[in-house]
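A.B. asks: Quick one, input-v5.pdb (PDB, C-alpha atoms and all ligand atoms):
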```pdb
MODEL        1
ATOM      1  CA  MET S 648       0.000   0.000   0.000
ATOM      2  CA  ALA S 649       1.421   3.389  -0.993
ATOM      3  CA  LYS S 650       1.912   5.801   1.912
ATOM      4  CA  PRO S 651       1.087   9.520   1.810
ATOM      5  CA  GLY S 652       3.362  12.303   3.133
ATOM      6  CA  VAL S 653       7.123  12.674   3.273
ATOM      7  CA  ILE S 654       7.779   9.012   4.138
ATOM      8  CA  GLY S 655       5.688   7.918   1.169
ATOM      9  CA  PHE S 656       7.517  10.415  -1.057
ATOM     10  CA  LEU S 657      10.901   9.025   0.036
ATOM     11  CA  ILE S 658       9.833   5.379  -0.298
ATOM     12  CA  SER S 659       8.392   6.083  -3.740
ATOM     13  CA  THR S 660      11.422   8.112  -4.904
ATOM     14  CA  PHE S 661      14.102   5.695  -3.709
ATOM     15  CA  GLY S 662      11.969   2.694  -4.621
ATOM     16  CA  LEU S 663      11.737   4.117  -8.176
ATOM     17  CA  SER S 664       7.926   4.031  -8.276
ATOM     18  CA  CYS S 665       5.394   6.101 -10.213
ATOM     19  CA  PRO S 666       5.050   9.533  -8.517
ATOM     20  CA  ARG S 667       1.280   9.699  -9.106
ATOM     21  CA  CYS S 668      -0.010   6.324  -7.874
ATOM     22  CA  ARG S 669       3.206   5.048  -6.183
ATOM     23  CA  LYS S 670       2.266   1.511  -7.208
ATOM     24  CA  ALA S 671       4.019   0.730 -10.489
ATOM     25  CA  ASP S 672       7.736   0.959 -11.359
ATOM     26  CA  LEU S 673       9.401   3.724 -13.392
ATOM     27  CA  PHE S 674      11.883   1.322 -15.012
ATOM     28  CA  TYR S 675      11.412  -2.007 -16.754
ATOM     29  CA  TYR S 676      13.984  -3.964 -14.768
ATOM     30  CA  PRO S 677      15.490  -3.750 -11.261
ATOM     31  CA  VAL S 678      18.939  -2.101 -11.232
ATOM     32  CA  LEU S 679      20.673  -5.307 -10.134
ATOM     33  CA  ARG S 680      19.414  -7.246 -13.159
ATOM     34  CA  PHE S 681      21.970  -5.306 -15.316
ATOM     35  CA  LYS S 682      19.541  -5.450 -18.204
ATOM     36  CA  LYS S 683      18.563  -2.326 -20.140
ATOM     37  CA  LEU S 684      19.674  -0.124 -17.263
ATOM     38  CA  TYR S 685      18.604   3.096 -18.984
ATOM     39  CA  LYS S 686      15.288   1.764 -20.260
ATOM     40  CA  MET S 687      12.401   3.645 -18.690
ATOM     41  CA  LYS S 688       8.690   3.025 -19.220
ATOM     42  CA  SER S 689       6.876   5.674 -21.286
ATOM     43  CA  GLU S 690       3.822   5.604 -19.008
ATOM     44  CA  CYS S 691       2.668   4.074 -15.749
ATOM     45  CA  ASP S 692       1.237   0.555 -15.982
ATOM     46  CA  TYR S 693      -1.210   1.251 -13.173
ATOM     47  CA  CYS S 694      -2.447   4.867 -13.552
ATOM     48  CA  GLY S 695      -1.294   5.789 -17.065
ATOM     49  CA  GLN S 696       0.840   8.754 -15.905
ATOM     50  CA  ASP S 697       3.092   9.887 -18.744
ATOM     51  CA  PHE S 698       6.742   9.509 -17.678
ATOM     52  CA  GLU S 699       8.104  11.536 -20.639
ATOM     53  CA  ILE S 700       6.156  14.688 -19.781
ATOM     54  CA  GLU S 701       7.814  16.781 -22.518
ATOM     55  CA  PRO S 702      10.791  16.304 -24.861
ATOM     56  CA  GLY S 703      14.028  16.615 -22.885
ATOM     57  CA  PHE S 704      12.178  16.441 -19.571
ATOM     58  CA  TYR S 705      15.040  14.597 -17.861
ATOM     59  CA  TYR S 706      17.808  17.100 -18.704
ATOM     60  CA  GLY S 707      17.181  18.657 -15.300
ATOM     61  CA  SER S 708      17.851  15.345 -13.610
ATOM     62  CA  MET S 709      21.501  15.662 -14.696
ATOM     63  CA  PHE S 710      21.905  18.428 -12.111
ATOM     64  CA  ILE S 711      20.425  16.167  -9.441
ATOM     65  CA  SER S 712      22.819  13.432 -10.539
ATOM     66  CA  TYR S 713      25.745  15.875 -10.334
ATOM     67  CA  ILE S 714      24.777  16.928  -6.797
ATOM     68  CA  ILE S 715      24.293  13.343  -5.582
ATOM     69  CA  SER S 716      27.594  12.216  -7.155
ATOM     70  CA  SER S 717      29.467  15.172  -5.650
ATOM     71  CA  PHE S 718      28.171  14.515  -2.148
ATOM     72  CA  PHE S 719      28.800  10.796  -2.538
ATOM     73  CA  MET S 720      32.415  11.493  -3.580
ATOM     74  CA  LEU S 721      33.042  14.012  -0.791
ATOM     75  CA  ILE S 722      31.622  11.796   1.944
ATOM     76  CA  SER S 723      33.222   8.557   0.742
ATOM     77  CA  PHE S 724      36.552  10.351   0.188
ATOM     78  CA  GLY S 725      36.473  11.661   3.761
ATOM     79  CA  ILE S 726      35.570   8.289   5.235
ATOM     80  CA  ILE S 727      38.167   6.314   3.257
ATOM     81  CA  LYS S 728      40.935   8.894   3.674
ATOM     82  CA  PHE S 729      40.624   9.239   7.432
ATOM     83  CA  ALA S 730      39.426   5.755   8.405
ATOM     84  CA  PHE S 731      42.090   3.864   6.428
ATOM     85  CA  LYS S 732      44.761   6.613   6.358
ATOM     86  CA  LEU S 733      45.517   6.118   2.657
ATOM     87  CA  ASP S 734      47.255   8.662   0.394
ATOM     88  CA  VAL S 735      45.174  11.033  -1.739
ATOM     89  CA  TRP S 736      45.548   9.237  -5.105
ATOM     90  CA  THR S 737      44.745   5.775  -3.739
ATOM     91  CA  THR S 738      41.685   7.211  -2.009
ATOM     92  CA  PHE S 739      40.676   9.005  -5.202
ATOM     93  CA  GLY S 740      40.979   5.751  -7.191
ATOM     94  CA  ILE S 741      38.808   3.870  -4.690
ATOM     95  CA  VAL S 742      36.210   6.644  -4.688
ATOM     96  CA  MET S 743      36.062   6.617  -8.510
ATOM     97  CA  ALA S 744      35.648   2.816  -8.520
ATOM     98  CA  LEU S 745      32.808   3.138  -5.981
ATOM     99  CA  LEU S 746      31.192   5.840  -8.111
ATOM    100  CA  VAL S 747      31.237   3.534 -11.143
ATOM    101  CA  LEU S 748      29.510   0.857  -9.032
ATOM    102  CA  VAL S 749      26.683   3.162  -7.911
ATOM    103  CA  TYR S 750      26.390   5.073 -11.204
ATOM    104  CA  PHE S 751      23.192   3.430 -12.468
ATOM    105  CA  TYR S 752      21.426   3.738  -9.152
ATOM    106  CA  VAL S 753      22.362   7.454  -9.020
ATOM    107  CA  PHE S 754      21.109   7.830 -12.602
ATOM    108  CA  ARG S 755      17.768   6.273 -11.675
ATOM    109  CA  ILE S 756      17.394   8.111  -8.365
ATOM    110  CA  SER S 757      18.023  11.415 -10.182
ATOM    111  CA  ARG S 758      15.297  10.722 -12.719
ATOM    112  CA  SER S 759      12.955   9.508 -10.013
ATOM    113  CA  LEU S 760      13.558  12.620  -7.872
ATOM    114  CA  TRP S 761      13.086  14.864 -10.898
ATOM    115  CA  ILE S 762       9.696  13.408 -11.865
ATOM    116  CA  HIS S 763       8.608  13.338  -8.206
ATOM    117  CA  PHE S 764       9.182  17.123  -8.048
ATOM    118  CA  PHE S 765       6.711  17.717 -10.871
ATOM    119  CA  VAL S 766       3.995  15.078 -10.493
ATOM    120  CA  LYS S 767       1.683  15.184  -7.468
ATOM    121  CA  TYR S 768       0.655  12.066  -5.572
ATOM    122  CA  ASN S 769      -2.931  11.038  -6.243
ATOM    123  CA  PRO S 770      -3.971   7.872  -4.390
ATOM    124  CA  LYS S 771      -7.173   7.615  -6.426
ATOM    125  CA  ALA S 772      -5.395   7.730  -9.806
ATOM    126  CA  VAL S 773      -6.394   4.931 -12.163
ATOM    127  CA  LYS S 774      -5.761   4.361 -15.841
ATOM    128  CA  LYS S 775      -8.394   5.714 -18.227
ATOM    129  CA  GLN S 776      -9.725   3.116 -20.631
TER     130      GLN S 776
HETATM  131 ZN    ZN C   1       1.147   5.381 -11.669
ENDMDL
END
```
Transcribe the structure of this file into structure tokens.
Ligand SMILES: [Zn+2]

C.D. replies:
Amino acid sequence: MAKPGVIGFLISTFGLSCPRCRKADLFYYPVLRFKKLYKMKSECDYCGQDFEIEPGFYYGSMFISYIISSFFMLISFGIIKFAFKLDVWTTFGIVMALLVLVYFYVFRISRSLWIHFFVKYNPKAVKKQ
């Protein structure tokens, strides 16, 4: 059952669900299936919400991705550098390797956050026939 409010928003955003009904997925496959990682549905299976609201809608999500990646790098750099007392270049290499590992999840979270900013939650939303 989809939850309303901030908790529901966070669960829906990080769970990569439709922002309107919060029941169906935004992407065809889970990120760990490594299959068509970029492939996004054109509309919601449950409520029919259009996921490509206008041409180039997801350009803005690149800024979200940039912010998330930057914070991820800063925080992981700090933790690795001071917890393991490694030199700067080794730490940088590890951080870059970690960033490659989380890249697709960051990509998806950015798109999910972006569409969640623009589409309001409507628990009664159903697909029109
Ligand atoms: Zn939906």

A.B. asks: Output the residue selection produced by the PyMOL selection byres (((not hetatm)) within 7 of (chain C and resi 1)) on the file above, formatted as a ChimeraX atom specification.

C.D. replies: /S:665-671,691-696

A.B. asks: Taking the file as shown, find all residues satisfying the PyMOL selection byres (((chain S and resi 723) around 12) and not hetatm) and write them as a ChimeraX atom specification.

C.D. replies: /S:715-722,724-731,738-746

A.B. asks: In terms of the shortest atom-to-atom distance over all atoms listed in the file, which of S:Tyr675, S:Phe698, S:Tyr713, S:Phe661 is closest to Tyr750 of chain S?

C.D. replies: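 The closest residue to Tyr750 of chain S is S:Tyr713.
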
A.B. asks: For atom CA of Ile756 of chain S and atom CA of Tyr706 of chain S, quote the distance in Å rounded to one decimal.

C.D. replies: 13.7 Å

A.B. asks: Can you measure atom CA of His763 of chain S to atom CA of Lys650 of chain S for me? One decimal in Å is fine.

C.D. replies: 14.3 Å

A.B. asks: Hey, what's within 9 Å of Val678 of chain S if we count all atoms listed in the file and toss same-chain stuff fewer than 4 positions away? As an mmCIF file with C-alpha atoms, in the coordinates of the input, please?

C.D. replies:
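File produced: around.cif:
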```cif
data_model
loop_
_atom_site.group_PDB
_atom_site.id
_atom_site.type_symbol
_atom_site.label_atom_id
_atom_site.label_comp_id
_atom_site.auth_asym_id
_atom_site.auth_seq_id
_atom_site.Cartn_x
_atom_site.Cartn_y
_atom_site.Cartn_z
ATOM 1 C CA PHE S 674 11.883 1.322 -15.012
ATOM 2 C CA LYS S 682 19.541 -5.450 -18.204
ATOM 3 C CA LYS S 683 18.563 -2.326 -20.140
ATOM 4 C CA LEU S 684 19.674 -0.124 -17.263
ATOM 5 C CA PHE S 751 23.192 3.430 -12.468
ATOM 6 C CA TYR S 752 21.426 3.738 -9.152
ATOM 7 C CA ARG S 755 17.768 6.273 -11.675
#
```

A.B. asks: Quick one: distance from atom CA of Ile700 of chain S to atom CA of Val766 of chain S in Å, one decimal?

C.D. replies: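 If I compute the distance from atom CA of Ile700 of chain S to atom CA of Val766 of chain S, I get 9.5 Å.
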
A.B. asks: For Phe765 of chain S, which residue among S:Ser712, S:Lys732, S:Glu701, S:Val653 is the nearest when counting all atoms listed in the file?

C.D. replies: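 Result for the nearest residue to Phe765 of chain S: S:Glu701.
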
A.B. asks: Report as a ChimeraX atom specification all protein, DNA and RNA residues lying within 7 Å of Thr660 of chain S, evaluated on all atoms listed in the file, omitting residues in the same chain fewer than 2 positions from it.

C.D. replies: /S:656-658,662-664,756,759-760,763

A.B. asks: Rank nothing, just name the residue among S:Leu673, S:Leu733, S:Leu679, S:Ile714 nearest to Ile762 of chain S, using only C-alpha atoms.

C.D. replies: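 Among S:Leu673, S:Leu733, S:Leu679, S:Ile714, it is S:Leu673 that comes nearest to Ile762 of chain S.
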
A.B. asks: Since the input lacks some atoms of segment 726-759 of chain S, please model N, CA and C atoms and print them as a PDB file, in the frame of the given file.

C.D. replies:
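Result file is selection_37.pdb:
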```pdb
ATOM      1  N   ILE S 726      35.593   9.523   4.428  1.00  0.00           N
ATOM      2  CA  ILE S 726      35.570   8.289   5.235  1.00  0.00           C
ATOM      3  C   ILE S 726      36.790   7.433   4.925  1.00  0.00           C
ATOM      4  N   ILE S 727      37.059   7.203   3.634  1.00  0.00           N
ATOM      5  CA  ILE S 727      38.167   6.314   3.257  1.00  0.00           C
ATOM      6  C   ILE S 727      39.514   6.922   3.648  1.00  0.00           C
ATOM      7  N   LYS S 728      39.653   8.224   3.388  1.00  0.00           N
ATOM      8  CA  LYS S 728      40.935   8.894   3.674  1.00  0.00           C
ATOM      9  C   LYS S 728      41.282   8.837   5.164  1.00  0.00           C
ATOM     10  N   PHE S 729      40.301   9.129   6.010  1.00  0.00           N
ATOM     11  CA  PHE S 729      40.624   9.239   7.432  1.00  0.00           C
ATOM     12  C   PHE S 729      40.444   7.936   8.201  1.00  0.00           C
ATOM     13  N   ALA S 730      39.596   7.034   7.707  1.00  0.00           N
ATOM     14  CA  ALA S 730      39.426   5.755   8.405  1.00  0.00           C
ATOM     15  C   ALA S 730      40.584   4.811   8.087  1.00  0.00           C
ATOM     16  N   PHE S 731      41.032   4.806   6.819  1.00  0.00           N
ATOM     17  CA  PHE S 731      42.090   3.864   6.428  1.00  0.00           C
ATOM     18  C   PHE S 731      43.457   4.522   6.281  1.00  0.00           C
ATOM     19  N   LYS S 732      43.515   5.855   6.430  1.00  0.00           N
ATOM     20  CA  LYS S 732      44.761   6.613   6.358  1.00  0.00           C
ATOM     21  C   LYS S 732      45.573   6.315   5.084  1.00  0.00           C
ATOM     22  N   LEU S 733      44.867   6.348   3.946  1.00  0.00           N
ATOM     23  CA  LEU S 733      45.517   6.118   2.657  1.00  0.00           C
ATOM     24  C   LEU S 733      45.960   7.457   2.069  1.00  0.00           C
ATOM     25  N   ASP S 734      46.861   7.399   1.036  1.00  0.00           N
ATOM     26  CA  ASP S 734      47.255   8.662   0.394  1.00  0.00           C
ATOM     27  C   ASP S 734      46.137   9.139  -0.544  1.00  0.00           C
ATOM     28  N   VAL S 735      46.245  10.382  -0.988  1.00  0.00           N
ATOM     29  CA  VAL S 735      45.174  11.033  -1.739  1.00  0.00           C
ATOM     30  C   VAL S 735      44.827  10.278  -3.024  1.00  0.00           C
ATOM     31  N   TRP S 736      45.821   9.855  -3.806  1.00  0.00           N
ATOM     32  CA  TRP S 736      45.548   9.237  -5.105  1.00  0.00           C
ATOM     33  C   TRP S 736      44.940   7.854  -4.966  1.00  0.00           C
ATOM     34  N   THR S 737      45.358   7.084  -3.976  1.00  0.00           N
ATOM     35  CA  THR S 737      44.745   5.775  -3.739  1.00  0.00           C
ATOM     36  C   THR S 737      43.285   5.965  -3.339  1.00  0.00           C
ATOM     37  N   THR S 738      43.056   6.916  -2.444  1.00  0.00           N
ATOM     38  CA  THR S 738      41.685   7.211  -2.009  1.00  0.00           C
ATOM     39  C   THR S 738      40.836   7.642  -3.192  1.00  0.00           C
ATOM     40  N   PHE S 739      41.394   8.516  -4.028  1.00  0.00           N
ATOM     41  CA  PHE S 739      40.676   9.005  -5.202  1.00  0.00           C
ATOM     42  C   PHE S 739      40.304   7.848  -6.135  1.00  0.00           C
ATOM     43  N   GLY S 740      41.238   6.922  -6.340  1.00  0.00           N
ATOM     44  CA  GLY S 740      40.979   5.751  -7.191  1.00  0.00           C
ATOM     45  C   GLY S 740      39.854   4.896  -6.641  1.00  0.00           C
ATOM     46  N   ILE S 741      39.856   4.670  -5.329  1.00  0.00           N
ATOM     47  CA  ILE S 741      38.808   3.870  -4.690  1.00  0.00           C
ATOM     48  C   ILE S 741      37.454   4.566  -4.820  1.00  0.00           C
ATOM     49  N   VAL S 742      37.456   5.878  -4.594  1.00  0.00           N
ATOM     50  CA  VAL S 742      36.210   6.644  -4.688  1.00  0.00           C
ATOM     51  C   VAL S 742      35.653   6.576  -6.113  1.00  0.00           C
ATOM     52  N   MET S 743      36.520   6.693  -7.118  1.00  0.00           N
ATOM     53  CA  MET S 743      36.062   6.617  -8.510  1.00  0.00           C
ATOM     54  C   MET S 743      35.499   5.233  -8.824  1.00  0.00           C
ATOM     55  N   ALA S 744      36.146   4.178  -8.312  1.00  0.00           N
ATOM     56  CA  ALA S 744      35.648   2.816  -8.520  1.00  0.00           C
ATOM     57  C   ALA S 744      34.270   2.646  -7.868  1.00  0.00           C
ATOM     58  N   LEU S 745      34.109   3.207  -6.665  1.00  0.00           N
ATOM     59  CA  LEU S 745      32.808   3.138  -5.981  1.00  0.00           C
ATOM     60  C   LEU S 745      31.741   3.890  -6.769  1.00  0.00           C
ATOM     61  N   LEU S 746      32.137   5.030  -7.335  1.00  0.00           N
ATOM     62  CA  LEU S 746      31.192   5.840  -8.111  1.00  0.00           C
ATOM     63  C   LEU S 746      30.717   5.084  -9.352  1.00  0.00           C
ATOM     64  N   VAL S 747      31.621   4.347  -9.981  1.00  0.00           N
ATOM     65  CA  VAL S 747      31.237   3.534 -11.143  1.00  0.00           C
ATOM     66  C   VAL S 747      30.221   2.472 -10.708  1.00  0.00           C
ATOM     67  N   LEU S 748      30.428   1.890  -9.529  1.00  0.00           N
ATOM     68  CA  LEU S 748      29.510   0.857  -9.032  1.00  0.00           C
ATOM     69  C   LEU S 748      28.102   1.393  -8.768  1.00  0.00           C
ATOM     70  N   VAL S 749      28.007   2.620  -8.254  1.00  0.00           N
ATOM     71  CA  VAL S 749      26.683   3.162  -7.911  1.00  0.00           C
ATOM     72  C   VAL S 749      26.095   4.031  -9.023  1.00  0.00           C
ATOM     73  N   TYR S 750      26.805   4.152 -10.150  1.00  0.00           N
ATOM     74  CA  TYR S 750      26.390   5.073 -11.204  1.00  0.00           C
ATOM     75  C   TYR S 750      24.940   4.875 -11.651  1.00  0.00           C
ATOM     76  N   PHE S 751      24.540   3.647 -11.927  1.00  0.00           N
ATOM     77  CA  PHE S 751      23.192   3.430 -12.468  1.00  0.00           C
ATOM     78  C   PHE S 751      22.113   3.702 -11.433  1.00  0.00           C
ATOM     79  N   TYR S 752      22.418   3.425 -10.182  1.00  0.00           N
ATOM     80  CA  TYR S 752      21.426   3.738  -9.152  1.00  0.00           C
ATOM     81  C   TYR S 752      21.291   5.255  -9.009  1.00  0.00           C
ATOM     82  N   VAL S 753      22.400   5.981  -9.074  1.00  0.00           N
ATOM     83  CA  VAL S 753      22.362   7.454  -9.020  1.00  0.00           C
ATOM     84  C   VAL S 753      21.580   7.999 -10.216  1.00  0.00           C
ATOM     85  N   PHE S 754      21.827   7.437 -11.381  1.00  0.00           N
ATOM     86  CA  PHE S 754      21.109   7.830 -12.602  1.00  0.00           C
ATOM     87  C   PHE S 754      19.597   7.676 -12.400  1.00  0.00           C
ATOM     88  N   ARG S 755      19.196   6.542 -11.860  1.00  0.00           N
ATOM     89  CA  ARG S 755      17.768   6.273 -11.675  1.00  0.00           C
ATOM     90  C   ARG S 755      17.164   7.133 -10.562  1.00  0.00           C
ATOM     91  N   ILE S 756      17.888   7.280  -9.466  1.00  0.00           N
ATOM     92  CA  ILE S 756      17.394   8.111  -8.365  1.00  0.00           C
ATOM     93  C   ILE S 756      17.197   9.555  -8.846  1.00  0.00           C
ATOM     94  N   SER S 757      18.122  10.050  -9.670  1.00  0.00           N
ATOM     95  CA  SER S 757      18.023  11.415 -10.182  1.00  0.00           C
ATOM     96  C   SER S 757      16.764  11.595 -11.010  1.00  0.00           C
ATOM     97  N   ARG S 758      16.507  10.639 -11.898  1.00  0.00           N
ATOM     98  CA  ARG S 758      15.297  10.722 -12.719  1.00  0.00           C
ATOM     99  C   ARG S 758      14.051  10.602 -11.858  1.00  0.00           C
ATOM    100  N   SER S 759      14.096   9.707 -10.896  1.00  0.00           N
ATOM    101  CA  SER S 759      12.955   9.508 -10.013  1.00  0.00           C
ATOM    102  C   SER S 759      12.675  10.774  -9.197  1.00  0.00           C
TER     103      SER S 759
END
```
